Amino acid sequence: MEKILITGAGGYIGTEMVNFFLKKGYHVVALDRFFFGNTLADLNGNKNLEIVKDDIRYLDKSRLKGVSTVIDLASISNDPSSELMPEITTNINLNGALHIATAAKKAGVKKFIFSSSCSIYGAGDGILTEKSRTAPISSYAKCKINAEKGLIKLADKNFCVTFLRNATVYGVSERRMRFDLIINIMTLHAWKNRKIYVMGQGNQWRPLVHISDLIKAFYIVAKEKHIDKINKEAFNVGSNEQNFKVFQIANRFRNFFNDLVIEQTPDDPDPRSYHVNFDKISQVLNYKTDKTIDDGILEVKNALENGIITDSVTTKTVDYYKYLINADKVLSDVKLKNKLF
């Protein structure tokens, strides 16, 4: 049985990915700091799952014994969160990635698959391929591209390093839902308030990919036998058909909410706009997506209506990080001799 280690296993993508690889017959080591609690608790009885509460910045290589592939999802996720705590973002998203990759190489791991992002293209011009100039704007995106630059130096014939530059993800993740991603948050607002908001004129380009299609891309790379296809290679993950301007995305919701109001705000502080080409992953790895944004909207809408997912502070990453930072300050002020009571 092949042993795979997934970092960030307790997150929005990670929880779904752990379940996916277990179903595919892998032995999964699920590594996470679990800031959002043990989101994998319901899988705890699976004999092929090891849940490890640890930090990629300090993980000892002994944890990687017998692991053939590492999928590195761990990060302070999304641009607003990275701007809230840029130093911590660098420590985790950049230094942590380099630390765990170095440890993996020393431990004899064969493959390291790094979860990068299309946000590294920033305010890009034209249609962007893997060879296009990167122009990261946020701390999050800067750490992703700098991590790529550092990780590729570790790659050799015995240690295969691959970068998957993910489009913006959408869809239901039952164990750790996120409502700070464009399709998911628009669906929530449309369902709760029959109103969604478009910043500025909504002319920014966004590439999109369903969470199950994203996980499929990682699986394809994990099982790829021809290492020359993937070693030291970056792949944009998504589909050409799912590049949309924000206002186009908003208008799609009228198909699902008849009484919907779309409200435009005067300005948009977010300068990111990237129209991305996905030919490489399709041609080299025979990858194709199965889901559309209509599938995603309906999926999230139905999950809300049926109580499968709910809205809370934990579903909005930056709000939850702010809550934790404030809670930590309060506890530090209240504690005496390092005790609360």
# chains A, B, ... in the order shown; residues from 1 in each chain; ligands from 1
>>> residues_around(residues="Glu241 (chain A)", least_positions_apart="4", cutoff="12 Å", atoms="only C-alpha atoms", output="PyMOL selection string")
chain A and resi 206-209+245+275-279+288-293
>>> write_last_selection(atoms="C-alpha atoms", output="PDB file, in the first residue's frame")
ATOM      1  CA  ARG A 206     -10.918  34.862 -12.489  1.00  0.00           C
ATOM      2  CA  PRO A 207     -10.167  31.245 -13.460  1.00  0.00           C
ATOM      3  CA  LEU A 208     -12.248  28.721 -11.512  1.00  0.00           C
ATOM      4  CA  VAL A 209     -12.077  25.006 -10.707  1.00  0.00           C
ATOM      5  CA  LYS A 245     -15.072  38.125 -15.479  1.00  0.00           C
ATOM      6  CA  HIS A 275      -7.114  35.046 -17.592  1.00  0.00           C
ATOM      7  CA  VAL A 276      -5.310  31.716 -17.555  1.00  0.00           C
ATOM      8  CA  ASN A 277      -4.561  29.084 -20.183  1.00  0.00           C
ATOM      9  CA  PHE A 278      -4.828  25.420 -19.145  1.00  0.00           C
ATOM     10  CA  ASP A 279      -3.624  23.659 -22.301  1.00  0.00           C
ATOM     11  CA  LYS A 288      -9.918  17.514 -17.979  1.00  0.00           C
ATOM     12  CA  THR A 289     -12.465  18.961 -15.611  1.00  0.00           C
ATOM     13  CA  ASP A 290     -15.888  17.432 -15.041  1.00  0.00           C
ATOM     14  CA  LYS A 291     -17.695  20.149 -13.097  1.00  0.00           C
ATOM     15  CA  THR A 292     -18.929  23.611 -14.118  1.00  0.00           C
ATOM     16  CA  ILE A 293     -19.648  26.680 -12.020  1.00  0.00           C
TER      17      ILE A 293
END
>>> residues_around(residues="Lys111 (chain A)", least_positions_apart="3", cutoff="9 Å", atoms="only C-alpha atoms", output="compact mmCIF listing (two decimals) with N, CA and C atoms, in the first residue's frame")
# COMPACT_ATOMS: atom_id res chain seq x y z
N SER A 68 6.06 7.88 0.17
CA SER A 68 6.53 7.95 -1.22
C SER A 68 6.27 9.32 -1.84
N THR A 69 5.17 9.95 -1.41
CA THR A 69 4.76 11.23 -2.00
C THR A 69 4.28 12.18 -0.91
N VAL A 70 4.71 13.44 -1.01
CA VAL A 70 4.19 14.50 -0.15
C VAL A 70 3.39 15.47 -1.01
N ILE A 71 2.17 15.74 -0.58
CA ILE A 71 1.37 16.81 -1.18
C ILE A 71 1.31 17.95 -0.17
N ALA A 104 11.70 15.92 3.42
CA ALA A 104 11.19 14.84 2.57
C ALA A 104 12.31 14.25 1.71
N LYS A 105 13.12 15.11 1.14
CA LYS A 105 14.22 14.63 0.29
C LYS A 105 15.21 13.79 1.12
N ASN A 158 16.06 11.80 -8.37
CA ASN A 158 15.52 10.98 -7.29
C ASN A 158 14.45 11.69 -6.45
N PHE A 159 14.29 12.98 -6.70
CA PHE A 159 13.31 13.78 -5.94
C PHE A 159 12.56 14.66 -6.92
N CYS A 160 11.37 14.21 -7.28
CA CYS A 160 10.55 14.88 -8.29
C CYS A 160 9.71 15.96 -7.64
N VAL A 161 9.84 17.18 -8.13
CA VAL A 161 9.08 18.32 -7.60
C VAL A 161 8.16 18.86 -8.70
N THR A 162 6.88 18.98 -8.36
CA THR A 162 5.88 19.47 -9.31
C THR A 162 5.06 20.58 -8.67
N ALA A 222 0.30 12.40 -8.64
CA ALA A 222 0.78 11.44 -7.65
C ALA A 222 1.01 10.06 -8.25
N ASN A 231 8.61 16.34 -13.48
CA ASN A 231 9.68 16.85 -12.63
C ASN A 231 10.11 18.25 -13.05
>>> residues_around(residues="Ala303 (chain A)", least_positions_apart="6", cutoff="12 Å", atoms="only C-alpha atoms", output="list in words")
Gly171, Val172, Ser173, Glu174, Met177, Asn184, Thr187, Leu188, Trp191, Gly296, Ile297, Ile309, Thr310 and Asp311 of chain A
>>> closest_residue(among="A:Lys339, A:Glu233, A:Asn251, A:Arg272", to="Asp125 (chain A)", atoms="only C-alpha atoms")
A:Arg272
>>> atom_distance(atom1="CA of Gly150 (chain A)", atom2="CA of Ile100 (chain A)")
12.1 Å
>>> residues_around(residues="region 13-21 of chain A", least_positions_apart="6", cutoff="9 Å", atoms="only C-alpha atoms", output="list in words")
Ile4, Ile6, Thr7, His27, Val28, Val29, Ala30, Thr39, Leu40, Leu43, Leu49, Leu73, Ala74, Val169, Ser173, Glu174, Arg175, Arg176, Ile211, Ser212, Leu214, Ile215, Lys216, Phe218 and Tyr219 of chain A
>>> select_by_dssp(residues="region 40-177 of chain A", states="strand (DSSP E)", output="number ranges by chain")
A: 49-53, 69-72, 111-117, 123-128, 160-166, 168-170
>>> atom_distance(atom1="CA of Thr129 (chain A)", atom2="CA of Gly238 (chain A)")
11.9 Å
>>> select_by_dssp(residues="region 46-231 of chain A", states="alpha helix (DSSP H)", output="PyMOL selection string")
chain A and resi 79-84+86-89+97-106+139-151+182-193+211-223+227-230
>>> closest_residue(among="A:Gly307, A:Gly202, A:Gly108, A:Gly8", to="Ile56 (chain A)", atoms="only C-alpha atoms")
A:Gly8
>>> atom_distance(atom1="CA of Ala155 (chain A)", atom2="CA of Gly10 (chain A)")
27.0 Å
>>> decode(residues="region 145-187 of chain A", atoms="N, CA and C atoms", output="mmCIF file, in the first residue's frame")
data_model
loop_
_atom_site.group_PDB
_atom_site.id
_atom_site.type_symbol
_atom_site.label_atom_id
_atom_site.label_comp_id
_atom_site.auth_asym_id
_atom_site.auth_seq_id
_atom_site.Cartn_x
_atom_site.Cartn_y
_atom_site.Cartn_z
ATOM 1 N N ILE A 145 5.257 31.982 -5.293
ATOM 2 C CA ILE A 145 6.243 31.967 -6.374
ATOM 3 C C ILE A 145 7.655 31.841 -5.824
ATOM 4 N N ASN A 146 7.931 32.439 -4.676
ATOM 5 C CA ASN A 146 9.256 32.285 -4.076
ATOM 6 C C ASN A 146 9.489 30.856 -3.592
ATOM 7 N N ALA A 147 8.426 30.218 -3.123
ATOM 8 C CA ALA A 147 8.533 28.808 -2.745
ATOM 9 C C ALA A 147 8.842 27.948 -3.974
ATOM 10 N N GLU A 148 8.174 28.225 -5.086
ATOM 11 C CA GLU A 148 8.473 27.494 -6.321
ATOM 12 C C GLU A 148 9.960 27.622 -6.678
ATOM 13 N N LYS A 149 10.466 28.842 -6.587
ATOM 14 C CA LYS A 149 11.873 29.090 -6.953
ATOM 15 C C LYS A 149 12.833 28.332 -6.029
ATOM 16 N N GLY A 150 12.477 28.255 -4.756
ATOM 17 C CA GLY A 150 13.322 27.541 -3.805
ATOM 18 C C GLY A 150 13.208 26.038 -3.949
ATOM 19 N N LEU A 151 12.005 25.553 -4.163
ATOM 20 C CA LEU A 151 11.768 24.109 -4.227
ATOM 21 C C LEU A 151 12.396 23.471 -5.459
ATOM 22 N N ILE A 152 12.406 24.205 -6.567
ATOM 23 C CA ILE A 152 12.932 23.608 -7.805
ATOM 24 C C ILE A 152 14.421 23.301 -7.688
ATOM 25 N N LYS A 153 15.101 24.003 -6.791
ATOM 26 C CA LYS A 153 16.528 23.748 -6.572
ATOM 27 C C LYS A 153 16.769 22.411 -5.880
ATOM 28 N N LEU A 154 15.743 21.890 -5.215
ATOM 29 C CA LEU A 154 15.866 20.598 -4.541
ATOM 30 C C LEU A 154 15.621 19.427 -5.477
ATOM 31 N N ALA A 155 14.997 19.708 -6.621
ATOM 32 C CA ALA A 155 14.597 18.634 -7.532
ATOM 33 C C ALA A 155 15.801 17.990 -8.208
ATOM 34 N N ASP A 156 15.749 16.667 -8.323
ATOM 35 C CA ASP A 156 16.735 15.935 -9.109
ATOM 36 C C ASP A 156 16.087 14.636 -9.581
ATOM 37 N N LYS A 157 16.871 13.724 -10.123
ATOM 38 C CA LYS A 157 16.296 12.506 -10.693
ATOM 39 C C LYS A 157 15.670 11.597 -9.638
ATOM 40 N N ASN A 158 16.058 11.796 -8.374
ATOM 41 C CA ASN A 158 15.517 10.979 -7.287
ATOM 42 C C ASN A 158 14.454 11.689 -6.454
ATOM 43 N N PHE A 159 14.292 12.985 -6.701
ATOM 44 C CA PHE A 159 13.312 13.776 -5.937
ATOM 45 C C PHE A 159 12.555 14.663 -6.915
ATOM 46 N N CYS A 160 11.373 14.205 -7.276
ATOM 47 C CA CYS A 160 10.552 14.875 -8.289
ATOM 48 C C CYS A 160 9.709 15.964 -7.640
ATOM 49 N N VAL A 161 9.837 17.180 -8.130
ATOM 50 C CA VAL A 161 9.079 18.319 -7.603
ATOM 51 C C VAL A 161 8.165 18.864 -8.695
ATOM 52 N N THR A 162 6.883 18.983 -8.361
ATOM 53 C CA THR A 162 5.877 19.472 -9.314
ATOM 54 C C THR A 162 5.064 20.579 -8.665
ATOM 55 N N PHE A 163 4.759 21.616 -9.456
ATOM 56 C CA PHE A 163 3.973 22.746 -8.958
ATOM 57 C C PHE A 163 2.609 22.764 -9.645
ATOM 58 N N LEU A 164 1.549 22.729 -8.855
ATOM 59 C CA LEU A 164 0.199 22.846 -9.394
ATOM 60 C C LEU A 164 -0.343 24.218 -9.030
ATOM 61 N N ARG A 165 -0.517 25.047 -10.042
ATOM 62 C CA ARG A 165 -0.986 26.421 -9.852
ATOM 63 C C ARG A 165 -2.512 26.434 -9.976
ATOM 64 N N ASN A 166 -3.163 26.403 -8.834
ATOM 65 C CA ASN A 166 -4.602 26.193 -8.794
ATOM 66 C C ASN A 166 -5.379 27.444 -9.185
ATOM 67 N N ALA A 167 -6.430 27.244 -9.969
ATOM 68 C CA ALA A 167 -7.433 28.287 -10.163
ATOM 69 C C ALA A 167 -8.198 28.471 -8.859
ATOM 70 N N THR A 168 -9.051 29.479 -8.789
ATOM 71 C CA THR A 168 -9.867 29.704 -7.596
ATOM 72 C C THR A 168 -10.867 28.559 -7.441
ATOM 73 N N VAL A 169 -10.857 27.958 -6.272
ATOM 74 C CA VAL A 169 -11.621 26.723 -6.054
ATOM 75 C C VAL A 169 -13.049 27.045 -5.598
ATOM 76 N N TYR A 170 -13.969 26.174 -5.953
ATOM 77 C CA TYR A 170 -15.342 26.298 -5.479
ATOM 78 C C TYR A 170 -15.905 24.909 -5.197
ATOM 79 N N GLY A 171 -17.033 24.879 -4.508
ATOM 80 C CA GLY A 171 -17.705 23.621 -4.221
ATOM 81 C C GLY A 171 -17.757 23.327 -2.734
ATOM 82 N N VAL A 172 -18.485 22.282 -2.381
ATOM 83 C CA VAL A 172 -18.726 21.925 -0.983
ATOM 84 C C VAL A 172 -17.572 21.103 -0.425
ATOM 85 N N SER A 173 -17.135 21.472 0.772
ATOM 86 C CA SER A 173 -16.220 20.672 1.581
ATOM 87 C C SER A 173 -16.906 20.534 2.943
ATOM 88 N N GLU A 174 -17.494 19.388 3.207
ATOM 89 C CA GLU A 174 -18.386 19.235 4.355
ATOM 90 C C GLU A 174 -17.668 19.412 5.698
ATOM 91 N N ARG A 175 -16.423 18.995 5.765
ATOM 92 C CA ARG A 175 -15.715 19.023 7.054
ATOM 93 C C ARG A 175 -15.107 20.386 7.367
ATOM 94 N N ARG A 176 -14.812 21.187 6.349
ATOM 95 C CA ARG A 176 -14.196 22.497 6.575
ATOM 96 C C ARG A 176 -14.564 23.419 5.415
ATOM 97 N N MET A 177 -15.816 23.888 5.435
ATOM 98 C CA MET A 177 -16.324 24.731 4.370
ATOM 99 C C MET A 177 -15.694 26.121 4.431
ATOM 100 N N ARG A 178 -15.516 26.714 3.250
ATOM 101 C CA ARG A 178 -15.034 28.096 3.167
ATOM 102 C C ARG A 178 -16.032 28.943 2.382
ATOM 103 N N PHE A 179 -16.403 30.079 2.978
ATOM 104 C CA PHE A 179 -17.265 31.041 2.301
ATOM 105 C C PHE A 179 -16.511 32.342 2.022
ATOM 106 N N ASP A 180 -15.209 32.213 1.711
ATOM 107 C CA ASP A 180 -14.441 33.382 1.298
ATOM 108 C C ASP A 180 -13.850 33.165 -0.090
ATOM 109 N N LEU A 181 -14.475 32.286 -0.854
ATOM 110 C CA LEU A 181 -14.111 32.016 -2.240
ATOM 111 C C LEU A 181 -15.293 32.427 -3.108
ATOM 112 N N ILE A 182 -15.032 32.986 -4.268
ATOM 113 C CA ILE A 182 -16.026 33.783 -4.997
ATOM 114 C C ILE A 182 -17.344 33.042 -5.261
ATOM 115 N N ILE A 183 -17.316 31.826 -5.770
ATOM 116 C CA ILE A 183 -18.564 31.098 -6.029
ATOM 117 C C ILE A 183 -19.269 30.784 -4.717
ATOM 118 N N ASN A 184 -18.510 30.322 -3.734
ATOM 119 C CA ASN A 184 -19.110 29.920 -2.460
ATOM 120 C C ASN A 184 -19.742 31.092 -1.725
ATOM 121 N N ILE A 185 -19.029 32.225 -1.669
ATOM 122 C CA ILE A 185 -19.563 33.380 -0.924
ATOM 123 C C ILE A 185 -20.740 34.004 -1.659
ATOM 124 N N MET A 186 -20.690 34.050 -2.983
ATOM 125 C CA MET A 186 -21.830 34.585 -3.735
ATOM 126 C C MET A 186 -23.066 33.705 -3.540
ATOM 127 N N THR A 187 -22.859 32.388 -3.505
ATOM 128 C CA THR A 187 -23.983 31.482 -3.283
ATOM 129 C C THR A 187 -24.581 31.695 -1.897
#
